[in-house]
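Trainee: Input coords_7.cif, format and content: mmCIF, C-alpha atoms and all ligand atoms.
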```cif
data_input
loop_
_atom_site.label_atom_id
_atom_site.label_comp_id
_atom_site.auth_asym_id
_atom_site.auth_seq_id
_atom_site.Cartn_x
_atom_site.Cartn_y
_atom_site.Cartn_z
CA MET A 903 0.00 0.00 0.00
CA LYS A 904 1.38 3.34 -1.08
CA MET A 905 1.22 6.15 1.50
CA THR A 906 1.35 9.83 0.57
CA LYS A 907 1.25 12.62 3.10
CA ILE A 908 -0.93 15.35 1.56
CA TYR A 909 -1.13 17.76 4.50
CA GLU A 910 1.14 18.40 7.42
CA GLY A 911 0.20 21.06 9.93
CA SER A 912 -1.33 20.87 13.38
CA HIS A 913 -2.63 17.55 12.08
CA GLN A 914 -1.94 15.31 9.08
CA TRP A 915 -3.74 13.96 6.05
CA ILE A 916 -2.37 10.77 4.54
CA MET A 917 -3.58 9.13 1.36
CA PHE A 918 -3.38 5.34 1.06
CA GLY A 919 -3.83 3.58 -2.25
CA ARG A 920 -2.36 1.83 -5.27
CA ASP A 921 -2.21 -1.37 -3.23
CA GLU A 922 0.09 -3.68 -5.15
CA ASN A 923 -1.34 -6.84 -3.49
CA LYS A 924 -4.94 -6.06 -4.35
CA PRO A 925 -6.74 -8.81 -6.36
CA GLY A 926 -6.97 -7.64 -9.99
CA ASN A 927 -10.74 -7.96 -10.28
CA ILE A 928 -11.67 -5.43 -7.57
CA ILE A 929 -11.65 -1.69 -8.13
CA ASP A 930 -8.66 0.26 -6.83
CA THR A 931 -9.55 2.71 -4.07
CA ASN A 932 -7.97 5.62 -2.24
CA GLN A 933 -8.32 5.71 1.52
CA TYR A 934 -7.65 8.87 3.49
CA VAL A 935 -6.55 9.16 7.08
CA VAL A 936 -6.75 12.29 9.24
CA ARG A 937 -4.32 12.02 12.11
CA THR A 938 -4.57 14.40 15.07
CA ALA A 939 -2.71 14.35 18.41
CA ASN A 940 -4.61 11.41 19.92
CA ARG A 941 -7.05 10.34 17.30
CA CYS A 942 -7.27 8.95 13.86
CA LEU A 943 -10.10 9.13 11.32
CA LEU A 944 -10.34 6.76 8.35
CA LEU A 945 -12.28 8.19 5.40
CA ASP A 946 -13.87 5.51 3.20
CA PRO A 947 -11.78 2.75 4.81
CA GLY A 948 -12.41 0.38 1.88
CA GLY A 949 -13.54 -3.14 1.06
CA ALA A 950 -13.10 -6.27 3.15
CA GLU A 951 -10.27 -7.38 0.84
CA LEU A 952 -8.38 -4.23 1.77
CA PHE A 953 -8.73 -4.51 5.53
CA ALA A 954 -5.38 -6.17 6.32
CA PRO A 955 -3.18 -3.97 4.09
CA MET A 956 -5.07 -0.89 5.27
CA MET A 957 -4.72 -1.77 8.95
CA ALA A 958 -1.05 -2.58 8.42
CA ALA A 959 -0.54 0.80 6.71
CA VAL A 960 -2.36 2.74 9.44
CA LEU A 961 -0.15 1.09 12.07
CA HIS A 962 2.73 3.15 10.67
CA HIS A 963 0.89 6.27 11.87
CA ALA A 964 -1.27 5.36 14.86
CA PRO A 965 -1.79 2.64 17.45
CA VAL A 966 -5.01 0.62 17.07
CA ASP A 967 -6.65 2.18 20.12
CA GLN A 968 -6.28 5.64 18.58
CA ILE A 969 -8.26 4.68 15.48
CA THR A 970 -11.37 6.29 16.93
CA ASP A 971 -13.41 7.32 13.90
CA LEU A 972 -14.49 5.94 10.56
CA PHE A 973 -16.37 7.81 7.88
CA ALA A 974 -18.33 6.25 5.02
CA SER A 975 -19.31 8.68 2.27
CA HIS A 976 -21.98 6.22 1.14
CA GLN A 977 -22.95 2.55 1.35
CA ASP A 978 -20.94 0.97 -1.46
CA PRO A 979 -18.88 -2.18 -0.80
CA ASP A 980 -15.67 -0.56 -2.07
CA VAL A 981 -16.23 2.15 0.55
CA ILE A 982 -17.09 0.20 3.68
CA SER A 983 -17.49 -3.57 3.30
CA SER A 984 -14.55 -3.85 5.71
CA LEU A 985 -16.81 -2.55 8.50
CA GLY A 986 -17.38 -5.96 10.11
CA LEU A 987 -13.61 -6.41 10.49
CA TRP A 988 -12.97 -2.94 11.92
CA ASP A 989 -15.87 -3.68 14.23
CA GLN A 990 -13.97 -6.61 15.70
CA ALA A 991 -10.62 -4.85 15.83
CA LEU A 992 -11.62 -1.51 17.38
CA THR A 993 -13.02 -1.26 20.86
CA ASN A 994 -13.88 2.41 21.10
CA ALA A 995 -14.77 3.76 17.69
CA LYS A 996 -17.53 5.62 15.89
CA LEU A 997 -18.74 5.25 12.33
CA HIS A 998 -19.98 8.50 10.80
CA ALA A 999 -22.22 7.51 7.91
CA PRO A 1000 -25.42 8.68 6.19
CA ALA A 1001 -28.44 8.24 8.45
CA ILE A 1002 -30.53 6.77 5.66
CA TRP A 1003 -28.03 3.94 5.14
CA GLU A 1004 -27.90 2.80 8.76
CA GLY A 1005 -30.20 -0.20 8.41
CA PHE A 1006 -28.28 -1.30 5.33
CA LEU A 1007 -24.75 -0.76 6.59
CA ARG A 1008 -25.49 -2.73 9.73
CA HIS A 1009 -25.62 -5.82 7.49
CA TYR A 1010 -21.82 -5.62 7.50
CA SER A 1011 -22.00 -5.97 11.30
CA CYS A 1012 -21.57 -2.88 13.47
CA GLU A 1013 -21.84 -3.99 17.08
CA SER A 1014 -18.93 -2.57 19.04
CA ILE A 1015 -18.58 0.46 16.77
CA GLU A 1016 -21.10 3.23 17.45
CA TYR A 1017 -23.04 4.23 14.34
CA VAL A 1018 -23.30 8.02 14.27
CA PRO A 1019 -26.01 8.79 11.71
CA ILE A 1020 -25.35 11.89 9.60
CA PRO A 1021 -28.58 13.78 8.90
CA ASP A 1022 -29.33 14.86 5.33
CA ASN A 1023 -28.02 18.39 5.88
CA GLY A 1024 -24.58 17.18 7.04
CA GLY A 1025 -22.70 18.07 10.21
CA THR A 1026 -19.21 18.05 11.67
CA ILE A 1027 -16.65 15.61 12.98
CA LYS A 1028 -14.47 16.84 15.82
CA LEU A 1029 -11.07 15.23 16.27
CA ASP A 1030 -9.13 16.73 19.17
CA SER A 1031 -8.87 20.43 18.16
CA VAL A 1032 -9.68 19.81 14.48
CA GLU A 1033 -13.19 20.31 13.17
CA LEU A 1034 -14.12 18.73 9.85
CA GLN A 1035 -17.27 19.66 7.93
CA ILE A 1036 -19.54 17.02 6.48
CA ILE A 1037 -20.83 18.35 3.16
CA PRO A 1038 -24.02 16.91 1.61
CA ALA A 1039 -23.47 15.33 -1.82
CA HIS A 1040 -26.70 13.40 -2.24
CA TYR A 1041 -27.23 11.57 -5.53
CA LEU A 1042 -23.51 11.90 -6.31
CA HIS A 1043 -23.82 9.06 -6.84
CA SER A 1044 -25.62 7.55 -3.87
CA PRO A 1045 -29.01 8.84 -2.61
CA GLY A 1046 -27.38 9.33 0.80
CA ASN A 1047 -23.89 10.70 0.16
CA PHE A 1048 -21.48 13.03 1.97
CA HIS A 1049 -18.06 14.58 1.43
CA VAL A 1050 -15.63 15.79 4.09
CA TYR A 1051 -14.07 19.25 4.06
CA ASP A 1052 -11.17 20.33 6.21
CA PRO A 1053 -11.05 24.17 6.25
CA GLN A 1054 -7.63 24.19 7.83
CA ALA A 1055 -5.94 21.79 5.42
CA LYS A 1056 -8.21 23.00 2.57
CA ILE A 1057 -8.86 19.45 1.49
CA LEU A 1058 -12.21 18.23 0.18
CA MET A 1059 -12.63 14.47 0.16
CA THR A 1060 -15.21 13.79 -2.57
CA GLY A 1061 -15.92 10.04 -2.63
CA ASP A 1062 -16.82 8.92 -6.14
CA VAL A 1063 -16.90 12.48 -7.52
CA GLY A 1064 -13.70 13.18 -9.42
CA ALA A 1065 -12.95 9.47 -9.65
CA ALA A 1066 -11.13 7.86 -12.55
CA ILE A 1067 -10.08 4.34 -13.39
CA GLU A 1068 -6.31 4.28 -13.43
CA ALA A 1069 -3.38 1.93 -13.80
CA ASN A 1070 -2.04 0.61 -10.50
CA ASP A 1071 1.18 2.60 -10.79
CA ALA A 1072 -0.46 5.91 -11.81
CA PRO A 1073 0.75 9.05 -10.02
CA VAL A 1074 -1.48 10.22 -7.17
CA PHE A 1075 -2.02 13.75 -8.54
CA VAL A 1076 -3.45 14.82 -11.90
CA ASP A 1077 -0.56 16.17 -13.96
CA ASN A 1078 -2.28 16.80 -17.27
CA PHE A 1079 -5.92 17.75 -16.90
CA ALA A 1080 -6.76 17.51 -20.61
CA VAL A 1081 -5.50 13.91 -20.72
CA HIS A 1082 -7.12 13.03 -17.40
CA VAL A 1083 -10.58 14.17 -18.52
CA GLU A 1084 -10.93 11.18 -20.82
CA LYS A 1085 -10.42 8.80 -17.88
CA MET A 1086 -13.24 10.48 -15.97
CA ARG A 1087 -15.87 11.20 -18.59
CA TYR A 1088 -17.72 7.89 -18.85
CA TRP A 1089 -17.44 7.28 -15.10
CA HIS A 1090 -19.23 10.53 -14.27
CA GLN A 1091 -21.77 10.26 -17.07
CA ARG A 1092 -22.70 6.72 -16.07
CA TRP A 1093 -22.41 6.79 -12.27
CA MET A 1094 -23.81 10.23 -11.50
CA PRO A 1095 -27.57 10.15 -11.92
CA SER A 1096 -28.70 13.75 -11.54
CA ASN A 1097 -27.77 16.98 -13.31
CA GLN A 1098 -29.74 18.91 -10.71
CA ALA A 1099 -27.85 17.33 -7.79
CA LYS A 1100 -24.60 18.03 -9.59
CA ARG A 1101 -25.49 21.73 -10.05
CA VAL A 1102 -26.42 22.16 -6.37
CA TRP A 1103 -23.23 20.43 -5.25
CA ILE A 1104 -20.99 22.53 -7.51
CA GLU A 1105 -22.61 25.71 -6.24
CA ARG A 1106 -21.98 24.62 -2.66
CA VAL A 1107 -18.41 23.51 -3.27
CA ARG A 1108 -17.40 26.63 -5.22
CA ASN A 1109 -17.80 28.54 -1.95
CA LEU A 1110 -15.12 26.44 -0.26
CA ASP A 1111 -11.46 27.27 -0.32
CA ILE A 1112 -9.94 24.06 -1.71
CA ASP A 1113 -6.28 23.20 -2.29
CA ILE A 1114 -6.79 19.50 -2.85
CA LEU A 1115 -9.83 17.66 -4.12
CA ALA A 1116 -9.44 14.05 -3.07
CA PRO A 1117 -11.60 11.38 -4.73
CA GLN A 1118 -11.96 7.72 -3.71
CA HIS A 1119 -10.60 6.40 -7.03
CA GLY A 1120 -7.90 7.64 -9.37
CA ARG A 1121 -5.95 10.83 -8.80
CA MET A 1122 -6.26 13.89 -6.59
CA PHE A 1123 -6.66 17.40 -8.02
CA LYS A 1124 -4.39 20.17 -6.79
CA GLY A 1125 -4.37 23.96 -7.23
CA ASP A 1126 -5.89 25.14 -10.51
CA ASP A 1127 -6.97 21.61 -11.43
CA VAL A 1128 -9.62 21.83 -8.70
CA LYS A 1129 -11.36 24.69 -10.51
CA ARG A 1130 -10.79 22.95 -13.85
CA PHE A 1131 -12.51 19.89 -12.53
CA LEU A 1132 -15.51 21.86 -11.20
CA ASP A 1133 -15.91 23.69 -14.54
CA TRP A 1134 -15.63 20.48 -16.51
CA PHE A 1135 -18.10 18.65 -14.25
CA ASP A 1136 -20.47 21.61 -14.42
CA ALA A 1137 -20.68 21.35 -18.20
CA LEU A 1138 -21.03 17.55 -18.30
CA GLN A 1139 -24.41 15.90 -18.92
CA VAL A 1140 -24.81 12.99 -16.52
CA GLY A 1141 -27.29 10.15 -16.04
CA ILE A 1142 -26.84 8.86 -19.59
CA ALA A 1143 -28.03 5.29 -19.13
CA VAL A 1144 -31.71 6.15 -19.54
CA MET B 556 -13.96 -19.96 2.87
CA THR B 557 -12.05 -23.14 3.75
CA ASN B 558 -13.38 -26.60 2.89
CA GLN B 559 -13.78 -27.29 6.60
CA THR B 560 -16.05 -24.24 6.97
CA LYS B 561 -17.97 -25.12 3.81
CA SER B 562 -18.71 -28.64 5.00
CA GLN B 563 -19.76 -27.28 8.38
CA PHE B 564 -22.26 -24.96 6.69
CA ILE B 565 -23.50 -27.85 4.54
CA ALA B 566 -23.82 -30.20 7.53
CA VAL B 567 -25.89 -27.67 9.46
CA ALA B 568 -28.04 -26.81 6.45
CA SER B 569 -28.63 -30.50 5.71
CA ILE B 570 -30.12 -31.03 9.18
CA THR B 571 -32.91 -28.61 8.41
CA SER B 572 -33.67 -30.19 5.04
CA GLU B 573 -33.56 -33.79 6.33
CA LEU B 574 -35.73 -32.83 9.26
CA SER B 575 -38.36 -31.16 7.13
CA ALA B 576 -38.70 -34.51 5.34
CA VAL B 577 -38.98 -36.24 8.71
CA MET B 578 -41.74 -33.84 9.64
CA VAL B 579 -43.74 -34.71 6.52
CA VAL B 580 -43.39 -38.41 7.22
CA ALA B 581 -44.30 -38.04 10.89
CA LYS B 582 -47.48 -36.27 9.82
CA GLU B 583 -48.19 -39.19 7.46
CA ILE B 584 -47.89 -41.58 10.40
CA SER B 585 -50.30 -39.49 12.38
CA LEU B 586 -52.74 -39.64 9.45
CA ALA B 587 -52.27 -43.42 9.15
CA ALA B 588 -53.08 -43.71 12.85
CA ALA B 589 -56.32 -41.78 12.44
CA ASN B 590 -57.20 -43.94 9.46
CA ALA B 591 -56.45 -47.11 11.38
CA LYS B 592 -58.58 -45.98 14.27
CA ALA B 593 -61.57 -45.51 11.96
CA ILE B 594 -61.10 -48.95 10.43
CA ALA B 595 -60.59 -50.58 13.81
CA PHE B 596 -63.76 -48.93 15.04
CA ARG B 597 -65.74 -50.32 12.11
CA ALA B 598 -64.16 -53.75 12.53
CA GLY B 599 -65.30 -53.79 16.16
CA ASP B 600 -64.42 -57.01 17.97
CA LYS B 601 -62.48 -58.34 15.02
CA ALA B 602 -59.86 -55.60 15.50
CA LYS B 603 -59.91 -55.42 19.25
CA GLY B 604 -56.16 -55.85 19.55
CA PHE B 605 -55.63 -53.16 16.97
CA GLN B 606 -57.35 -50.32 18.78
CA PRO B 607 -54.77 -49.60 21.50
CA ILE B 608 -52.07 -49.86 18.85
CA THR B 609 -53.59 -47.00 16.85
CA ASP B 610 -53.50 -44.76 19.92
CA PHE B 611 -49.92 -45.72 20.44
CA ILE B 612 -49.00 -44.91 16.84
CA ASN B 613 -50.71 -41.55 17.12
CA GLU B 614 -48.89 -40.73 20.34
CA LEU B 615 -45.57 -41.67 18.77
CA ALA B 616 -46.19 -39.50 15.74
CA LYS B 617 -47.10 -36.55 17.93
CA GLU B 618 -43.98 -36.95 20.04
CA THR B 619 -41.81 -37.20 16.95
CA ILE B 620 -43.29 -33.98 15.55
CA GLU B 621 -42.67 -32.21 18.84
CA LEU B 622 -39.12 -33.47 19.01
CA VAL B 623 -38.34 -32.45 15.45
CA THR B 624 -39.80 -28.98 16.04
CA ASN B 625 -37.48 -28.66 18.98
CA ILE B 626 -34.49 -29.91 17.02
CA ASN B 627 -35.24 -27.39 14.27
CA ILE B 628 -34.93 -24.57 16.78
CA HIS B 629 -31.59 -25.97 17.87
CA ALA B 630 -30.49 -26.35 14.27
CA LEU B 631 -31.17 -22.65 13.74
CA VAL B 632 -29.04 -21.79 16.76
CA LEU B 633 -26.34 -24.04 15.33
CA TYR B 634 -26.57 -22.23 12.01
CA ARG B 635 -26.13 -18.83 13.67
CA LEU B 636 -23.19 -20.22 15.58
CA THR B 637 -21.64 -21.41 12.33
CA VAL B 638 -22.03 -17.94 10.80
CA ASN B 639 -20.55 -16.42 13.93
CA GLU B 640 -17.63 -18.81 13.93
CA PHE B 641 -17.00 -18.08 10.27
CA GLN B 642 -16.91 -14.33 10.97
CA LYS B 643 -14.60 -14.72 13.94
CA THR B 644 -12.27 -17.00 12.03
CA THR B 645 -12.18 -14.60 9.08
CA ALA B 646 -11.37 -11.71 11.43
CA TYR B 647 -8.64 -13.68 13.17
CA ASN B 648 -7.02 -14.60 9.85
CA LYS B 649 -7.20 -11.01 8.59
CA PHE B 650 -5.73 -9.67 11.85
CA GLU B 651 -2.91 -12.15 11.60
CA LEU B 652 -2.27 -11.02 8.03
CA ALA B 653 -2.37 -7.35 9.09
CA VAL B 654 0.26 -8.01 11.78
CA LYS B 655 2.42 -9.77 9.22
CA MET B 656 2.03 -6.96 6.69
CA ALA B 657 2.67 -4.28 9.31
CA GLY B 658 6.16 -5.73 9.79
CA ASP B 659 8.20 -3.23 11.74
CA ALA B 660 5.60 -0.42 11.61
CA ALA B 661 5.87 1.92 14.59
CA TYR B 662 2.62 0.71 16.15
CA ALA B 663 2.54 -2.89 14.86
CA ASN B 664 2.61 -4.29 18.40
CA THR B 665 -0.70 -2.59 19.27
CA MET B 666 -2.47 -5.16 17.05
CA GLN B 667 -1.45 -7.94 19.44
CA LYS B 668 -4.38 -7.36 21.78
CA PRO B 669 -7.08 -7.40 19.08
CA LEU B 670 -5.37 -10.47 17.62
CA ASP B 671 -5.42 -12.30 20.98
CA ASN B 672 -9.04 -11.34 21.55
CA ALA B 673 -10.01 -12.55 18.10
CA ARG B 674 -8.30 -15.88 18.75
CA LEU B 675 -10.13 -16.31 22.06
CA SER B 676 -13.57 -15.54 20.65
CA MET B 677 -12.92 -17.82 17.67
CA GLN B 678 -12.00 -20.66 20.02
CA ASP B 679 -15.06 -19.88 22.14
CA CYS B 680 -17.27 -20.27 19.10
CA GLN B 681 -15.63 -23.56 18.16
CA ARG B 682 -16.15 -24.95 21.67
CA GLN B 683 -19.75 -23.83 21.78
CA PHE B 684 -20.41 -25.34 18.37
CA LYS B 685 -19.04 -28.70 19.48
CA ARG B 686 -21.07 -28.58 22.65
CA ASP B 687 -24.27 -27.82 20.75
CA VAL B 688 -23.58 -30.52 18.19
CA SER B 689 -23.26 -33.10 21.00
CA GLN B 690 -26.60 -31.95 22.34
CA LEU B 691 -28.25 -32.13 18.96
CA LEU B 692 -26.87 -35.62 18.36
CA GLY B 693 -28.55 -36.66 21.60
CA GLN B 694 -31.88 -35.30 20.40
CA LEU B 695 -31.49 -37.02 17.05
CA GLU B 696 -30.81 -40.27 18.88
CA GLU B 697 -34.17 -39.85 20.56
CA VAL B 698 -35.92 -39.52 17.22
CA MET B 699 -34.18 -42.70 16.06
CA HIS B 700 -35.49 -44.37 19.16
CA HIS B 701 -39.01 -43.34 18.24
CA ALA B 702 -38.54 -44.62 14.73
CA ARG B 703 -37.38 -48.01 16.03
CA ALA B 704 -40.38 -48.18 18.36
CA ALA B 705 -42.66 -47.40 15.44
CA ARG B 706 -41.25 -50.31 13.50
CA VAL B 707 -41.91 -52.70 16.39
CA ILE B 708 -45.46 -51.42 16.57
CA ALA B 709 -45.85 -51.90 12.84
CA ALA B 710 -44.80 -55.54 13.25
CA ASN B 711 -47.36 -56.04 16.04
CA SER B 712 -50.00 -54.34 13.91
CA ARG B 713 -49.42 -56.83 11.15
CA ILE B 714 -50.06 -59.71 13.55
CA GLU B 715 -53.21 -58.08 14.86
CA ALA B 716 -54.36 -57.31 11.33
CA SER B 717 -54.17 -60.96 10.37
CA GLN B 718 -56.98 -61.66 12.81
CA ALA B 719 -59.27 -58.94 11.52
CA GLY B 720 -61.09 -60.96 8.88
CA GLU B 721 -62.36 -58.81 6.00
CA TYR B 722 -60.45 -55.83 7.46
CA LEU B 723 -57.16 -57.64 7.10
CA GLN B 724 -56.10 -55.83 3.96
CA SER B 725 -56.82 -52.30 5.04
CA LEU B 726 -55.22 -52.80 8.45
CA GLN B 727 -52.22 -54.41 6.89
CA ALA B 728 -51.89 -51.38 4.65
CA VAL B 729 -51.84 -49.18 7.74
CA ALA B 730 -49.10 -51.29 9.30
CA GLU B 731 -47.22 -51.14 6.04
CA SER B 732 -47.32 -47.36 5.82
CA VAL B 733 -46.23 -46.94 9.45
CA ASP B 734 -43.32 -49.24 8.80
CA LYS B 735 -42.30 -47.39 5.67
CA ALA B 736 -42.54 -44.02 7.37
CA ALA B 737 -40.50 -45.19 10.34
CA HIS B 738 -37.91 -46.49 7.94
CA THR B 739 -37.65 -43.14 6.18
CA ILE B 740 -37.34 -41.26 9.46
CA HIS B 741 -34.64 -43.63 10.59
CA ASP B 742 -32.65 -43.14 7.37
CA ASN B 743 -32.96 -39.35 7.31
CA VAL B 744 -32.00 -38.91 10.91
CA GLN B 745 -29.13 -41.30 10.43
CA ARG B 746 -27.82 -39.10 7.60
CA CYS B 747 -28.03 -36.03 9.87
CA ARG B 748 -26.09 -37.81 12.55
CA ILE B 749 -23.36 -38.92 10.19
CA ALA B 750 -23.02 -35.37 8.80
CA LEU B 751 -22.71 -33.96 12.30
CA SER B 752 -20.75 -36.64 14.07
CA ILE B 753 -17.36 -35.36 12.84
CA TYR B 754 -17.97 -32.17 14.82
CA ARG B 755 -18.88 -33.94 18.05
CA ASN B 756 -17.17 -32.95 21.26
CA ASN B 757 -14.97 -35.75 22.54
FE FE C 1201 -19.85 4.36 -4.97
FE FE C 1202 -16.35 4.11 -5.14
#
```
Let's see the structure in the file written out as structure tokens.
Ligand SMILES: [Fe+2]
Ligand SMILES: [Fe+2]
Mentor:
Amino acid sequence: MKMTKIYEGSHQWIMFGRDENKPGNIIDTNQYVVRTANRCLLLDPGGAELFAPMMAAVLHHAPVDQITDLFASHQDPDVISSLGLWDQALTNAKLHAPAIWEGFLRHYSCESIEYVPIPDNGGTIKLDSVELQIIPAHYLHSPGNFHVYDPQAKILMTGDVGAAIEANDAPVFVDNFAVHVEKMRYWHQRWMPSNQAKRVWIERVRNLDIDILAPQHGRMFKGDDVKRFLDWFDALQVGIAV
Amino acid sequence: MTNQTKSQFIAVASITSELSAVMVVAKEISLAAANAKAIAFRAGDKAKGFQPITDFINELAKETIELVTNINIHALVLYRLTVNEFQKTTAYNKFELAVKMAGDAAYANTMQKPLDNARLSMQDCQRQFKRDVSQLLGQLEEVMHHARAARVIAANSRIEASQAGEYLQSLQAVAESVDKAAHTIHDNVQRCRIALSIYRNN
């Protein structure tokens, strides 16, 4: 598992991905970790197949008992099918996940972990002195969907928005936006169901000060590429399968 | 999923399917008993020896149904235990892998406690499963006992039927169907026991 530190300040953001031991037939995912003084938050911790490499990677940054929070942007298996395993490994943790998915996500087993339901209008996650904002992103692509914004690090974690299917050894940041667009087009047209939801989300996100836009698949966007992505996404017609 | 786990799932699932067949047959016996009672009543004195037998058959069928209902509840518990054990075993294996992959990571040693806990609860599940299997085998033995008793009764019925004059044929048919049903129950339960016996606690 490749680890890339993407923010270092009063706290840290680390991106985990490009797992070289991942079975070839499952989709590659990016996991993000926010590390504060005494706590550790895993954003979209990944599928069951990824549990062991992910846990092993996190152990470079935090002891198990300081993994106190998990966040699931939505209900998909590539996002959170590892829940049942984290549930057995962690003794004092919370899962922040969309309220409307609670009854579904509990199928993965969530007994020792406390399910903290996120209401439709979002909320916050407090980690020591850091406060993260939970931004609604419903229908992008899931009916109950959230992103996480860190105003201090200026990072927006966007789940499946901004995702691309990439080779396993691809760089972690977009380096040529024009080339990268082609890797994202079909994904967004096919997976994102609603032009209206997209418009509302873009409006909301344009008001945030973002240095890094961090999707769950593919590459992160940095600097001017963030605005490029929002403009491109704004102009794209989605929901093409009907 | 390992082959051992797969066969455990299959063994537990097969109990429920074998037992549902036993249930059907036990209900057939109960029906045969009611039928026999009617015939014996019509035959009057000629089937005097047959009458108490029909009550006995009926009682046996009822007890078998009760027993099987009970076993089914236990089989469900056993199924849940199997699922539980599978989950615990999966977790233990993944934790072990995580420790291996963590290598010399700064906090690798903090996984030791979750790993130990996972091992303990996995072993707990295995012990409980074995204990419950032993219990279930005992209950199945009881059903076998009933089936054997039914066959003895069927043999007696045949003797009594031979003295029932013109009712001979219909009473013999009753005895025949009880015997057949008891045979089926015996075979099905035997299959359950064989499937389970490798997991017995000893
Ligand atoms: Fe998804
Ligand atoms: Fe995804």
Trainee: Dump as a PyMOL selection string the residues of chain B that approach chain A to within 10 Å, counting only C-alpha atoms.
Mentor: chain B and resi 642-643+645-670+672-673
Trainee: May I have the protein, DNA and RNA residues with any atom at most 12 Å from the point (-56.5, -38.9, 11.5), counting all atoms listed in the file, written as a compact mmCIF listing (two decimals) with C-alpha atoms, in the coordinates of the input?
Mentor:
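Full text of part-v3.txt as output:
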```
# COMPACT_ATOMS: atom_id res chain seq x y z
CA LYS B 582 -47.48 -36.27 9.82
CA GLU B 583 -48.19 -39.19 7.46
CA ILE B 584 -47.89 -41.58 10.40
CA SER B 585 -50.30 -39.49 12.38
CA LEU B 586 -52.74 -39.64 9.45
CA ALA B 587 -52.27 -43.42 9.15
CA ALA B 588 -53.08 -43.71 12.85
CA ALA B 589 -56.32 -41.78 12.44
CA ASN B 590 -57.20 -43.94 9.46
CA ALA B 591 -56.45 -47.11 11.38
CA LYS B 592 -58.58 -45.98 14.27
CA ALA B 593 -61.57 -45.51 11.96
CA ILE B 594 -61.10 -48.95 10.43
CA THR B 609 -53.59 -47.00 16.85
CA ASP B 610 -53.50 -44.76 19.92
CA ILE B 612 -49.00 -44.91 16.84
CA ASN B 613 -50.71 -41.55 17.12
CA GLU B 614 -48.89 -40.73 20.34
CA ALA B 616 -46.19 -39.50 15.74
CA LYS B 617 -47.10 -36.55 17.93
CA VAL B 729 -51.84 -49.18 7.74
```
Trainee: Write out as a list in words each polymer residue whose atoms come within 7 Å of Gln1091 of chain A, counting only C-alpha atoms; drop sequence neighbours fewer than 5 positions from it.
Mentor: Gln1139, Val1140, Gly1141 and Ile1142 of chain A
Trainee: In Å, with one decimal, what is the gap from atom CA of Gln933 of chain A to atom CA of Asn639 of chain B?
Mentor: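 One can read the atom CA of Gln933 of chain A to atom CA of Asn639 of chain B distance as 28.2 Å.
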Trainee: Using only C-alpha atoms and all ligand atoms, find each residue with an atom at most 7 Å away from ligand FE 1202 (chain C) and format the answer as a PyMOL selection string.
Mentor: chain A and resi 978+980-981+1061-1062+1118-1119
